[in-house]
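Engineer: There's a structure below that I have some questions on.
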Amino acid sequence: MKNYREDFPILDLHVKGKKIIYLDSAATSQRPLAVLEAVEKYVQEENGNPHRGSHTLSLRATEAFDAARLKVQKFIGAKSTKEIIFTKNATEAINLVAYSYALDYLTKEDQIVITIAEHHANLVTWQQIARKTGAKLVYMYVDDQGRLPLKELEKINERTKLVACTHMSNVLGSIFPVSEVIKKAHEVGAKVLIDGAQAVPHMPVNVDEMDCDFYVFSGHKMYSLMGVGVLYGKEEILEKMQPFLYGGDMIEYVYEQETSFNELPYKFEAGTQGVESIVSLGAAIDYLHQVGFQNIHEREMALTKYALEELSKLSYIHIVGPTDLTNRGAVISFTVEGVHPHDVSMILDHYGVGVRAGHHCAQPLLRYLDVHACSRASFAFYNTKEEVDALVKNLDEVRRVMGYGTK
Ligand SMILES: Cc1ncc(COP(=O)(O)O)c(C=O)c1O
C-alpha cells in the first residue's frame with residue numbers, strides 16, 4: 001500500500017516534542033508536494049495577469065487559469081467551463097447565489113428551505129435573504145442519528161423557491177439525500193443549491209447527473225491552497241443572473257453611465273483572481289485523480305469504522321452523529337463527559353493530536369441537538385490507524401488530567 005504521507009511534508013512536523021497527528025482535515029486539508037510544486041512553477045515561470053495582456057507571461061497565466069477551470073469542469077461533471085465560477089471560497093459562492101439570484105427572484109410569498117445541519121455559510125446567508133425579501137426560512141430537521149429523514153422533504157412545497165442543503169455535514173459526518181432533495185425541489189419548481197464543501201474531497205461528484213442548480217465548494221478542504229472556491233451553476237440560470245461584484249474583467253463595454261457585461265463565466269469574476277490558488281486547485285484535482293476516489297474512500301472509511309469502534313469502547317464519549325457507516329463520511333464529532341471541548345482540544349494538542357473544538361460554525365444544529373459544543377476528529381486518506389489509537393489513548397489522558405477515572 002502506498003504511503004501517501006510522503007506526499008505531505010507537513011505531516012513530518014513535531015509539535016511540543018511529539019510527532020504531529022493532524023485530525024482536522026474537515027477544517028482545512030494539508031497540501032501535497034505536487035500542489036506546492038505546481039504553484040512554485042506557476043510563480044517562477046508563468047505569473048502574469050491573465051486576460052490582461054498579450055505578452056508572454058500574461059498569456060502563460062491565462063493558459064494556466066483556463067486549464068484549471070477545465071479541470072474543475074471535468075472534476076464535477078459540468079457541461080461547460082461557462083458554468084464554473086471561481087470565488088474566494090464556498091462562502092462567497094453561496095453569497096453570490098444569494099445576492100445575484102435569490103435577492104432578485106424571491107418575494108414575501110416564497111419560502112427558502114434549508115436543513116438544521118447547515119454550516120453558518122449556508123444558513124446566515126439565507127437568513128439575510130429572508131430578511132431582505134420577506135421570504136420565510138423553513139428548516140428540515142435531522143433525526144437522533146443525525147440523518148435527514150425523507151419525511152422532512154415534505155416541507156418543500158409550492159411556496160418553495162429555493163432549497164439549500166449540505167451534501168455532507170461538517171459536524172455529523174452524515175451524507176444527506178441530495179438526489180431526493182433535488183428531485184423534490186424540482187417537482188415544485190424550486191432551485192437547489194448543494195453545499196459540497198465537505199463532500200468533494202471524499203467522493204466523486206457529478207453535478208450534471210445530480211441535476212442540482214448550484215453546487216459550491218472550497219479548494220482548501222480538497223488539498224489546494226486557501227483563497228479559491230467554486231460556484232457551479234447551470235448555464236441558463238447563470239445567464240439570467242446579474243453580476244455580484246463589479247469592476248475589471250467582468251465587463252464588455254463601459255460607457256460613462258452604463259456598462260454591458262462580459263460573457264460567462266467572467267461576468268461573475270470581477271478583478272484579479274487568486275490565480276496561484278486556482279492553479280493549485282487544478283493540481284489538487286490531478287493529485288486526487290492520481291490517488292483515486294475508490295482508494296480514498298476505502299482508506300477513510302476503514303479509519304472511520306475503526307475510530308467509531310474504539311471511541312464507543314470509552315463510556316465517557318458520546319458520538320454526535322451516526323454511529324454506523326451508512327451514508328457517513330470521515331468526520332466524527334463527540335463530547336467527553338465532564339470536559340469542555342476546548343480543554344479536550346488543548347490537552348490533546350499537548351500530545352501532538354490536533355482536533356477541532358467548539359460549535360463548528362453550526363450553532364443552530366448544536367442547539368437543536370442540545371449539545372453546547374463538541375470536539376471533532378476528521379480524517380483524510382493520509383491518516384493512519386496508529387493516529388486513531390493515539391487519539392483514543394490520549395482521550396484517556398484528557399480524562400485523567402481533568403481528574404476523572406478513565407472508564
Ligand atoms: C459544510 C461546509 N460548508 C461551508 C463551509 C465554508 O467553507 P469556507 O470557509 O471555505 O468558505 C464549510 C467550512 O468548514 C463547511 O464545512
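Residues in the C-alpha cells are numbered from 1 in each chain, the chains being A, B, ... in the order shown, and ligands are numbered from 1 in the order shown.
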With only C-alpha atoms as the counted atoms, please give the residues lying no more than 10 Å from region 65-71 of chain A, apart from itself and same-chain residues fewer than 5 positions off, as a PDB file with N, CA and C atoms, in the first residue's frame.
Structural biologist:
```
ATOM      1  N   ASN A  49      -0.770  38.766 -15.310  1.00  0.00           N
ATOM      2  CA  ASN A  49      -2.197  38.935 -15.014  1.00  0.00           C
ATOM      3  C   ASN A  49      -3.008  38.361 -16.179  1.00  0.00           C
ATOM      4  N   PRO A  50      -3.773  37.296 -15.937  1.00  0.00           N
ATOM      5  CA  PRO A  50      -4.477  36.657 -17.054  1.00  0.00           C
ATOM      6  C   PRO A  50      -5.510  37.575 -17.693  1.00  0.00           C
ATOM      7  N   HIS A  51      -5.727  37.389 -18.972  1.00  0.00           N
ATOM      8  CA  HIS A  51      -6.724  38.150 -19.748  1.00  0.00           C
ATOM      9  C   HIS A  51      -6.431  39.648 -19.781  1.00  0.00           C
ATOM     10  N   LEU A  59       0.022  35.706 -21.156  1.00  0.00           N
ATOM     11  CA  LEU A  59      -0.568  34.599 -21.913  1.00  0.00           C
ATOM     12  C   LEU A  59      -0.390  33.274 -21.181  1.00  0.00           C
ATOM     13  N   ARG A  60       0.789  33.091 -20.576  1.00  0.00           N
ATOM     14  CA  ARG A  60       1.013  31.858 -19.809  1.00  0.00           C
ATOM     15  C   ARG A  60       0.041  31.779 -18.630  1.00  0.00           C
ATOM     16  N   ILE A  76     -16.139  17.892 -11.705  1.00  0.00           N
ATOM     17  CA  ILE A  76     -17.508  17.799 -11.151  1.00  0.00           C
ATOM     18  C   ILE A  76     -18.545  17.492 -12.235  1.00  0.00           C
ATOM     19  N   GLY A  77     -18.083  17.189 -13.440  1.00  0.00           N
ATOM     20  CA  GLY A  77     -19.009  16.766 -14.494  1.00  0.00           C
ATOM     21  C   GLY A  77     -19.937  17.870 -14.987  1.00  0.00           C
ATOM     22  N   ALA A  78     -19.463  19.111 -14.973  1.00  0.00           N
ATOM     23  CA  ALA A  78     -20.294  20.207 -15.518  1.00  0.00           C
ATOM     24  C   ALA A  78     -20.255  20.137 -17.046  1.00  0.00           C
ATOM     25  N   SER A  80     -20.049  22.683 -19.174  1.00  0.00           N
ATOM     26  CA  SER A  80     -19.233  23.689 -19.856  1.00  0.00           C
ATOM     27  C   SER A  80     -18.413  24.485 -18.842  1.00  0.00           C
ATOM     28  N   THR A  81     -17.294  25.032 -19.290  1.00  0.00           N
ATOM     29  CA  THR A  81     -16.499  25.874 -18.383  1.00  0.00           C
ATOM     30  C   THR A  81     -17.248  27.176 -18.046  1.00  0.00           C
ATOM     31  N   LYS A  82     -18.262  27.499 -18.838  1.00  0.00           N
ATOM     32  CA  LYS A  82     -19.074  28.697 -18.522  1.00  0.00           C
ATOM     33  C   LYS A  82     -19.809  28.521 -17.204  1.00  0.00           C
ATOM     34  N   GLU A  83     -19.945  27.278 -16.772  1.00  0.00           N
ATOM     35  CA  GLU A  83     -20.706  27.003 -15.545  1.00  0.00           C
ATOM     36  C   GLU A  83     -19.823  26.984 -14.299  1.00  0.00           C
ATOM     37  N   ILE A  84     -18.528  27.245 -14.501  1.00  0.00           N
ATOM     38  CA  ILE A  84     -17.576  27.200 -13.375  1.00  0.00           C
ATOM     39  C   ILE A  84     -17.122  28.624 -13.047  1.00  0.00           C
ATOM     40  N   ILE A  85     -17.537  29.121 -11.896  1.00  0.00           N
ATOM     41  CA  ILE A  85     -17.162  30.479 -11.472  1.00  0.00           C
ATOM     42  C   ILE A  85     -16.169  30.338 -10.317  1.00  0.00           C
ATOM     43  N   PHE A  86     -15.038  30.992 -10.435  1.00  0.00           N
ATOM     44  CA  PHE A  86     -14.095  30.990  -9.309  1.00  0.00           C
ATOM     45  C   PHE A  86     -14.487  32.078  -8.313  1.00  0.00           C
ATOM     46  N   VAL A 230     -15.355  27.459  -5.571  1.00  0.00           N
ATOM     47  CA  VAL A 230     -16.017  27.270  -6.861  1.00  0.00           C
ATOM     48  C   VAL A 230     -17.523  27.378  -6.688  1.00  0.00           C
ATOM     49  N   PRO A 265     -17.808  32.613 -17.944  1.00  0.00           N
ATOM     50  CA  PRO A 265     -18.023  32.787 -16.519  1.00  0.00           C
ATOM     51  C   PRO A 265     -17.510  34.137 -15.991  1.00  0.00           C
ATOM     52  N   GLN A 273      -8.070  37.637 -10.099  1.00  0.00           N
ATOM     53  CA  GLN A 273      -8.385  36.445  -9.303  1.00  0.00           C
ATOM     54  C   GLN A 273      -7.128  35.913  -8.592  1.00  0.00           C
ATOM     55  N   GLY A 274      -7.335  35.021  -7.651  1.00  0.00           N
ATOM     56  CA  GLY A 274      -6.208  34.383  -6.952  1.00  0.00           C
ATOM     57  C   GLY A 274      -5.652  33.260  -7.810  1.00  0.00           C
ATOM     58  N   VAL A 275      -4.903  33.651  -8.841  1.00  0.00           N
ATOM     59  CA  VAL A 275      -4.514  32.656  -9.854  1.00  0.00           C
ATOM     60  C   VAL A 275      -3.609  31.564  -9.266  1.00  0.00           C
ATOM     61  N   GLU A 276      -2.715  31.940  -8.335  1.00  0.00           N
ATOM     62  CA  GLU A 276      -1.877  30.907  -7.705  1.00  0.00           C
ATOM     63  C   GLU A 276      -2.758  29.834  -7.062  1.00  0.00           C
ATOM     64  N   SER A 277      -3.786  30.267  -6.372  1.00  0.00           N
ATOM     65  CA  SER A 277      -4.672  29.317  -5.696  1.00  0.00           C
ATOM     66  C   SER A 277      -5.467  28.503  -6.709  1.00  0.00           C
ATOM     67  N   ILE A 278      -5.876  29.172  -7.776  1.00  0.00           N
ATOM     68  CA  ILE A 278      -6.650  28.477  -8.809  1.00  0.00           C
ATOM     69  C   ILE A 278      -5.778  27.412  -9.484  1.00  0.00           C
ATOM     70  N   VAL A 279      -4.522  27.776  -9.745  1.00  0.00           N
ATOM     71  CA  VAL A 279      -3.579  26.792 -10.306  1.00  0.00           C
ATOM     72  C   VAL A 279      -3.411  25.636  -9.324  1.00  0.00           C
ATOM     73  N   SER A 280      -3.345  25.958  -8.049  1.00  0.00           N
ATOM     74  CA  SER A 280      -3.161  24.900  -7.038  1.00  0.00           C
ATOM     75  C   SER A 280      -4.382  23.989  -6.990  1.00  0.00           C
ATOM     76  N   LEU A 281      -5.556  24.546  -7.263  1.00  0.00           N
ATOM     77  CA  LEU A 281      -6.765  23.711  -7.283  1.00  0.00           C
ATOM     78  C   LEU A 281      -6.703  22.721  -8.456  1.00  0.00           C
ATOM     79  N   GLY A 282      -6.230  23.211  -9.589  1.00  0.00           N
ATOM     80  CA  GLY A 282      -6.059  22.309 -10.745  1.00  0.00           C
ATOM     81  C   GLY A 282      -5.105  21.173 -10.398  1.00  0.00           C
ATOM     82  N   ALA A 283      -4.004  21.523  -9.726  1.00  0.00           N
ATOM     83  CA  ALA A 283      -3.013  20.496  -9.353  1.00  0.00           C
ATOM     84  C   ALA A 283      -3.600  19.539  -8.312  1.00  0.00           C
ATOM     85  N   ALA A 284      -4.430  20.068  -7.420  1.00  0.00           N
ATOM     86  CA  ALA A 284      -5.061  19.209  -6.392  1.00  0.00           C
ATOM     87  C   ALA A 284      -5.997  18.209  -7.063  1.00  0.00           C
ATOM     88  N   ILE A 285      -6.684  18.651  -8.087  1.00  0.00           N
ATOM     89  CA  ILE A 285      -7.590  17.746  -8.813  1.00  0.00           C
ATOM     90  C   ILE A 285      -6.778  16.633  -9.480  1.00  0.00           C
ATOM     91  N   ASP A 286      -5.662  17.009 -10.114  1.00  0.00           N
ATOM     92  CA  ASP A 286      -4.789  15.980 -10.719  1.00  0.00           C
ATOM     93  C   ASP A 286      -4.350  14.993  -9.650  1.00  0.00           C
TER      94      ASP A 286
END
```
Engineer: Sort by chain and increasing residue number a table of all residues of chain A within 10 Å of ligand 1, each with its closest pair of atoms and their distance in Å to one decimal, counting only C-alpha atoms and all ligand atoms, and write it as a tab-separated table.
Structural biologist:
```
residue	atom	partner	partner_atom_place_in_ligand_line	distance
A:Ser25	CA	ligand 1	14 (O)	9.7
A:Ala26	CA	ligand 1	16 (O)	6.5
A:Ala27	CA	ligand 1	14 (O)	5.2
A:Thr28	CA	ligand 1	14 (O)	7.7
A:Thr87	CA	ligand 1	11 (O)	9.5
A:Lys88	CA	ligand 1	11 (O)	7.6
A:Asn89	CA	ligand 1	11 (O)	4.3
A:Ala90	CA	ligand 1	11 (O)	3.9
A:Thr91	CA	ligand 1	11 (O)	3.7
A:Glu92	CA	ligand 1	11 (O)	6.5
A:Ala93	CA	ligand 1	11 (O)	8.0
A:Ile94	CA	ligand 1	11 (O)	8.6
A:Asn95	CA	ligand 1	11 (O)	10.0
A:Ala117	CA	ligand 1	1 (C)	8.7
A:Glu118	CA	ligand 1	1 (C)	6.6
A:His119	CA	ligand 1	3 (N)	5.0
A:His120	CA	ligand 1	4 (C)	7.3
A:Ala121	CA	ligand 1	4 (C)	5.4
A:Asn122	CA	ligand 1	3 (N)	6.5
A:Leu123	CA	ligand 1	3 (N)	9.5
A:Cys165	CA	ligand 1	1 (C)	9.2
A:Thr166	CA	ligand 1	1 (C)	6.0
A:His167	CA	ligand 1	1 (C)	7.5
A:Met168	CA	ligand 1	1 (C)	6.5
A:Ser169	CA	ligand 1	1 (C)	5.5
A:Asn170	CA	ligand 1	16 (O)	4.5
A:Val171	CA	ligand 1	16 (O)	7.9
A:Gly173	CA	ligand 1	1 (C)	9.7
A:Ile194	CA	ligand 1	3 (N)	9.4
A:Asp195	CA	ligand 1	3 (N)	5.7
A:Gly196	CA	ligand 1	1 (C)	6.6
A:Ala197	CA	ligand 1	2 (C)	4.8
A:Gln198	CA	ligand 1	1 (C)	5.2
A:Ala199	CA	ligand 1	1 (C)	8.1
A:Val216	CA	ligand 1	4 (C)	8.3
A:Phe217	CA	ligand 1	7 (O)	7.1
A:Ser218	CA	ligand 1	10 (O)	4.8
A:Gly219	CA	ligand 1	10 (O)	7.5
A:His220	CA	ligand 1	10 (O)	6.7
A:Lys221	CA	ligand 1	10 (O)	7.2
A:Met226	CA	ligand 1	10 (O)	7.9
A:Gly227	CA	ligand 1	10 (O)	8.2
A:Val228	CA	ligand 1	10 (O)	8.3
A:Gly229	CA	ligand 1	10 (O)	7.1
A:Val230	CA	ligand 1	11 (O)	9.8
A:His360	CA	ligand 1	14 (O)	7.4
A:Cys361	CA	ligand 1	14 (O)	7.2
A:Ala362	CA	ligand 1	16 (O)	9.1
```
Engineer: So that I have them on file, write out the residues from the current selection with C-alpha atoms, as a PDB file, in the first residue's frame.
Structural biologist:
```
ATOM      1  CA  SER A  25      -8.851  17.947   7.607  1.00  0.00           C
ATOM      2  CA  ALA A  26     -12.535  18.943   7.577  1.00  0.00           C
ATOM      3  CA  ALA A  27     -11.402  22.433   8.644  1.00  0.00           C
ATOM      4  CA  THR A  28      -8.640  22.505   6.075  1.00  0.00           C
ATOM      5  CA  THR A  87     -14.740  32.635  -5.954  1.00  0.00           C
ATOM      6  CA  LYS A  88     -12.669  33.139  -2.831  1.00  0.00           C
ATOM      7  CA  ASN A  89     -14.263  30.169  -1.042  1.00  0.00           C
ATOM      8  CA  ALA A  90     -17.529  28.233  -0.655  1.00  0.00           C
ATOM      9  CA  THR A  91     -18.942  31.025   1.498  1.00  0.00           C
ATOM     10  CA  GLU A  92     -18.513  33.602  -1.246  1.00  0.00           C
ATOM     11  CA  ALA A  93     -20.038  31.191  -3.775  1.00  0.00           C
ATOM     12  CA  ILE A  94     -23.174  30.868  -1.604  1.00  0.00           C
ATOM     13  CA  ASN A  95     -23.324  34.643  -1.183  1.00  0.00           C
ATOM     14  CA  ALA A 117     -27.341  20.985   9.843  1.00  0.00           C
ATOM     15  CA  GLU A 118     -26.096  23.777   7.593  1.00  0.00           C
ATOM     16  CA  HIS A 119     -22.780  25.459   8.183  1.00  0.00           C
ATOM     17  CA  HIS A 120     -23.300  29.150   9.008  1.00  0.00           C
ATOM     18  CA  ALA A 121     -22.168  29.933   5.455  1.00  0.00           C
ATOM     19  CA  ASN A 122     -25.290  28.218   4.141  1.00  0.00           C
ATOM     20  CA  LEU A 123     -27.565  29.425   6.918  1.00  0.00           C
ATOM     21  CA  CYS A 165     -28.712  21.675   1.565  1.00  0.00           C
ATOM     22  CA  THR A 166     -25.348  20.351   2.593  1.00  0.00           C
ATOM     23  CA  HIS A 167     -24.001  17.303   0.771  1.00  0.00           C
ATOM     24  CA  MET A 168     -22.159  16.142   3.871  1.00  0.00           C
ATOM     25  CA  SER A 169     -22.462  17.675   7.340  1.00  0.00           C
ATOM     26  CA  ASN A 170     -19.258  19.122   8.768  1.00  0.00           C
ATOM     27  CA  VAL A 171     -20.451  18.208  12.280  1.00  0.00           C
ATOM     28  CA  GLY A 173     -20.488  13.449   9.124  1.00  0.00           C
ATOM     29  CA  ILE A 194     -25.877  21.962  -2.686  1.00  0.00           C
ATOM     30  CA  ASP A 195     -23.035  22.820  -0.324  1.00  0.00           C
ATOM     31  CA  GLY A 196     -20.340  20.349  -1.292  1.00  0.00           C
ATOM     32  CA  ALA A 197     -17.547  21.757   0.898  1.00  0.00           C
ATOM     33  CA  GLN A 198     -17.241  18.515   2.887  1.00  0.00           C
ATOM     34  CA  ALA A 199     -18.125  16.174   0.034  1.00  0.00           C
ATOM     35  CA  VAL A 216     -20.349  25.123  -4.148  1.00  0.00           C
ATOM     36  CA  PHE A 217     -17.060  24.093  -2.566  1.00  0.00           C
ATOM     37  CA  SER A 218     -13.725  25.406  -1.286  1.00  0.00           C
ATOM     38  CA  GLY A 219     -10.333  24.369  -2.634  1.00  0.00           C
ATOM     39  CA  HIS A 220      -8.566  24.380   0.725  1.00  0.00           C
ATOM     40  CA  LYS A 221     -10.564  21.400   2.001  1.00  0.00           C
ATOM     41  CA  MET A 226      -6.605  28.709   0.534  1.00  0.00           C
ATOM     42  CA  GLY A 227      -8.239  31.522  -1.395  1.00  0.00           C
ATOM     43  CA  VAL A 228     -10.131  29.658  -4.096  1.00  0.00           C
ATOM     44  CA  GLY A 229     -13.680  28.380  -4.116  1.00  0.00           C
ATOM     45  CA  VAL A 230     -16.017  27.270  -6.861  1.00  0.00           C
ATOM     46  CA  HIS A 360     -18.125  24.148  14.248  1.00  0.00           C
ATOM     47  CA  CYS A 361     -19.946  27.073  12.611  1.00  0.00           C
ATOM     48  CA  ALA A 362     -23.236  25.263  13.175  1.00  0.00           C
TER      49      ALA A 362
END
```
Engineer: Step one, run DSSP on the backbone; step two, keep only residues of region 160-208 of chain A assigned to alpha helix (DSSP H); then write them as a list in words.
Structural biologist: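 Going through region 160-208 of chain A, the alpha helix (DSSP H) residues come out as Val178, Ser179, Glu180, Val181, Ile182, Lys183, Lys184, Ala185, His186, Glu187, Val207 and Asp208 of chain A.
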Engineer: Which polymer residues have any atom within 10 Å of an atom of Pro32 (chain A), counting only C-alpha atoms, with same-chain residues fewer than 4 positions away left out, as a list in words?
Structural biologist: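 The residues satisfying every condition are Tyr4, Arg5, Glu6, Asp7, Phe8, Pro9, Ile10, Leu36, Glu37, Tyr223, Ser224, Ala283, Ala284 and Tyr287 of chain A.
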Engineer: Quick check, in Å to one decimal: how far apart do CA of Lys155 (chain A) and CA of Leu369 (chain A) lie?
Structural biologist: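 Computed distance, CA of Lys155 (chain A) to CA of Leu369 (chain A), equals 20.1 Å.
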Engineer: Excluding Leu245 (chain A) and residues on its chain fewer than 3 positions from it, collect all residues at most 12 Å away from it, counting only C-alpha atoms, and give them as a list of chain:residue names.
Structural biologist: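 Close residues of Leu245 (chain A): A:Thr87, A:Glu92, A:Ala93, A:Asn95, A:Leu96, A:Val97, A:Tyr99, A:Ser100, A:Met241, A:Gln242, A:Gly248, A:Asp249, A:Met250, A:Ile251, A:Phe261, A:Tyr266, A:Lys267, A:Phe268, A:Glu269, A:Ala270, A:Gly271, A:Thr272.
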Engineer: Could you write out the selected residues, including N, CA, C and O atoms, as a CSV table (one decimal), in the first residue's frame?
Structural biologist:
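After the write, out-v4.csv holds the following:
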```
chain,number,residue,atom,x,y,z
A,87,THR,N,-14.5,31.7,-7.0
A,87,THR,CA,-14.7,32.6,-6.0
A,87,THR,C,-13.6,32.5,-5.0
A,87,THR,O,-12.6,31.8,-5.2
A,92,GLU,N,-18.3,32.6,-0.2
A,92,GLU,CA,-18.5,33.6,-1.2
A,92,GLU,C,-19.4,33.1,-2.4
A,92,GLU,O,-20.2,33.8,-2.9
A,93,ALA,N,-19.2,31.8,-2.7
A,93,ALA,CA,-20.0,31.2,-3.8
A,93,ALA,C,-21.5,31.2,-3.4
A,93,ALA,O,-22.4,31.5,-4.2
A,95,ASN,N,-22.9,33.2,-1.2
A,95,ASN,CA,-23.3,34.6,-1.2
A,95,ASN,C,-23.6,35.1,-2.6
A,95,ASN,O,-24.5,35.9,-2.8
A,96,LEU,N,-22.8,34.6,-3.5
A,96,LEU,CA,-23.1,35.0,-4.9
A,96,LEU,C,-24.5,34.6,-5.4
A,96,LEU,O,-25.2,35.4,-6.0
A,97,VAL,N,-24.8,33.4,-5.1
A,97,VAL,CA,-26.2,32.9,-5.4
A,97,VAL,C,-27.2,33.7,-4.7
A,97,VAL,O,-28.3,34.1,-5.2
A,99,TYR,N,-27.1,36.8,-3.4
A,99,TYR,CA,-27.3,38.2,-3.9
A,99,TYR,C,-27.6,38.3,-5.3
A,99,TYR,O,-28.3,39.3,-5.7
A,100,SER,N,-27.1,37.4,-6.2
A,100,SER,CA,-27.3,37.6,-7.6
A,100,SER,C,-28.6,36.8,-8.1
A,100,SER,O,-29.1,37.1,-9.1
A,241,MET,N,-28.7,35.8,-14.4
A,241,MET,CA,-28.4,36.5,-13.1
A,241,MET,C,-27.5,37.7,-13.4
A,241,MET,O,-26.7,37.7,-14.3
A,242,GLN,N,-27.7,38.7,-12.5
A,242,GLN,CA,-26.9,39.9,-12.6
A,242,GLN,C,-25.5,39.6,-11.9
A,242,GLN,O,-25.4,38.8,-11.0
A,248,GLY,N,-13.1,45.3,-13.1
A,248,GLY,CA,-12.3,44.9,-14.2
A,248,GLY,C,-12.6,43.5,-14.6
A,248,GLY,O,-13.0,42.6,-13.8
A,249,ASP,N,-12.5,43.2,-15.9
A,249,ASP,CA,-12.6,41.9,-16.5
A,249,ASP,C,-14.0,41.3,-16.6
A,249,ASP,O,-14.2,40.3,-17.3
A,250,MET,N,-14.9,41.9,-15.8
A,250,MET,CA,-16.3,41.3,-15.9
A,250,MET,C,-17.2,42.2,-16.9
A,250,MET,O,-18.4,41.9,-17.0
A,251,ILE,N,-16.5,43.1,-17.6
A,251,ILE,CA,-17.3,44.0,-18.5
A,251,ILE,C,-17.0,43.6,-20.0
A,251,ILE,O,-16.1,43.0,-20.3
A,261,PHE,N,-22.0,43.6,-19.8
A,261,PHE,CA,-21.2,42.7,-19.1
A,261,PHE,C,-20.6,41.6,-19.9
A,261,PHE,O,-21.1,41.3,-21.0
A,266,TYR,N,-16.9,34.9,-16.9
A,266,TYR,CA,-16.1,36.1,-16.5
A,266,TYR,C,-17.1,37.2,-15.8
A,266,TYR,O,-16.6,38.0,-15.0
A,267,LYS,N,-18.3,37.2,-16.3
A,267,LYS,CA,-19.3,38.1,-15.7
A,267,LYS,C,-19.3,38.1,-14.2
A,267,LYS,O,-19.6,39.1,-13.6
A,268,PHE,N,-19.0,37.0,-13.6
A,268,PHE,CA,-19.0,36.9,-12.2
A,268,PHE,C,-17.6,36.9,-11.5
A,268,PHE,O,-17.5,36.6,-10.3
A,269,GLU,N,-16.6,37.2,-12.3
A,269,GLU,CA,-15.2,37.2,-11.7
A,269,GLU,C,-14.6,38.6,-11.9
A,269,GLU,O,-13.8,38.8,-12.7
A,270,ALA,N,-15.1,39.6,-11.1
A,270,ALA,CA,-14.6,40.9,-11.1
A,270,ALA,C,-13.2,41.0,-10.5
A,270,ALA,O,-12.9,40.5,-9.4
A,271,GLY,N,-12.3,41.7,-11.1
A,271,GLY,CA,-11.0,42.0,-10.6
A,271,GLY,C,-10.0,40.8,-10.8
A,271,GLY,O,-10.4,39.8,-11.2
A,272,THR,N,-8.8,41.0,-10.3
A,272,THR,CA,-7.8,40.0,-10.5
A,272,THR,C,-8.1,38.8,-9.5
A,272,THR,O,-8.3,39.0,-8.4
```
Engineer: Hey, what does DSSP flag as strand (DSSP E) within region 90-296 of chain A? Can you give it to me as a short mmCIF file (atom, residue, chain, number, x, y, z; two decimals) with C-alpha atoms, in the first residue's frame?
Structural biologist:
```cif
data_model
loop_
_atom_site.label_atom_id
_atom_site.label_comp_id
_atom_site.auth_asym_id
_atom_site.auth_seq_id
_atom_site.Cartn_x
_atom_site.Cartn_y
_atom_site.Cartn_z
CA GLN A 111 -40.03 30.23 1.20
CA ILE A 112 -36.43 29.11 1.41
CA VAL A 113 -35.93 25.60 2.76
CA ILE A 114 -32.64 24.59 4.37
CA THR A 115 -31.58 21.92 6.87
CA LYS A 136 -39.96 32.57 5.05
CA LEU A 137 -36.98 30.47 6.15
CA VAL A 138 -38.08 26.88 6.82
CA TYR A 139 -35.90 24.16 8.37
CA MET A 140 -35.73 20.43 7.74
CA THR A 160 -40.59 26.99 -2.00
CA LYS A 161 -38.39 28.86 -4.44
CA LEU A 162 -35.02 27.79 -3.14
CA VAL A 163 -33.62 24.82 -1.25
CA ALA A 164 -30.08 24.92 0.19
CA CYS A 165 -28.71 21.67 1.56
CA THR A 166 -25.35 20.35 2.59
CA LYS A 191 -33.96 25.79 -7.43
CA VAL A 192 -31.43 23.87 -5.35
CA LEU A 193 -28.02 24.81 -4.03
CA ILE A 194 -25.88 21.96 -2.69
CA ASP A 195 -23.03 22.82 -0.32
CA PHE A 214 -25.90 25.31 -7.94
CA TYR A 215 -23.04 23.45 -6.24
CA VAL A 216 -20.35 25.12 -4.15
CA PHE A 217 -17.06 24.09 -2.57
CA SER A 218 -13.72 25.41 -1.29
CA GLY A 229 -13.68 28.38 -4.12
CA VAL A 230 -16.02 27.27 -6.86
CA LEU A 231 -19.58 28.04 -7.78
CA TYR A 232 -21.10 25.67 -10.28
CA GLY A 233 -24.36 26.96 -11.75
CA ILE A 251 -17.26 43.96 -18.49
CA GLU A 252 -17.76 44.05 -22.23
CA TYR A 253 -18.22 47.78 -22.93
CA VAL A 254 -18.17 50.57 -20.37
CA THR A 259 -21.94 49.01 -18.87
CA SER A 260 -22.56 45.78 -20.71
CA PHE A 261 -21.16 42.71 -19.06
#
```
Engineer: Hey, which of A:Gln30, A:Asp349, A:Val142, A:Glu63 ends up closest to Asp12 (chain A)? Count only C-alpha atoms.
Structural biologist: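 Using only C-alpha atoms, the shortest distance to Asp12 (chain A) belongs to A:Gln30.
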Engineer: With only C-alpha atoms as the atoms that count, which of A:Met203, A:Ala135, A:Ile296, A:Val178 lies nearest to Asp110 (chain A)?
Structural biologist: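 When distances to Asp110 (chain A) are compared using only C-alpha atoms, the smallest one comes from A:Ala135.
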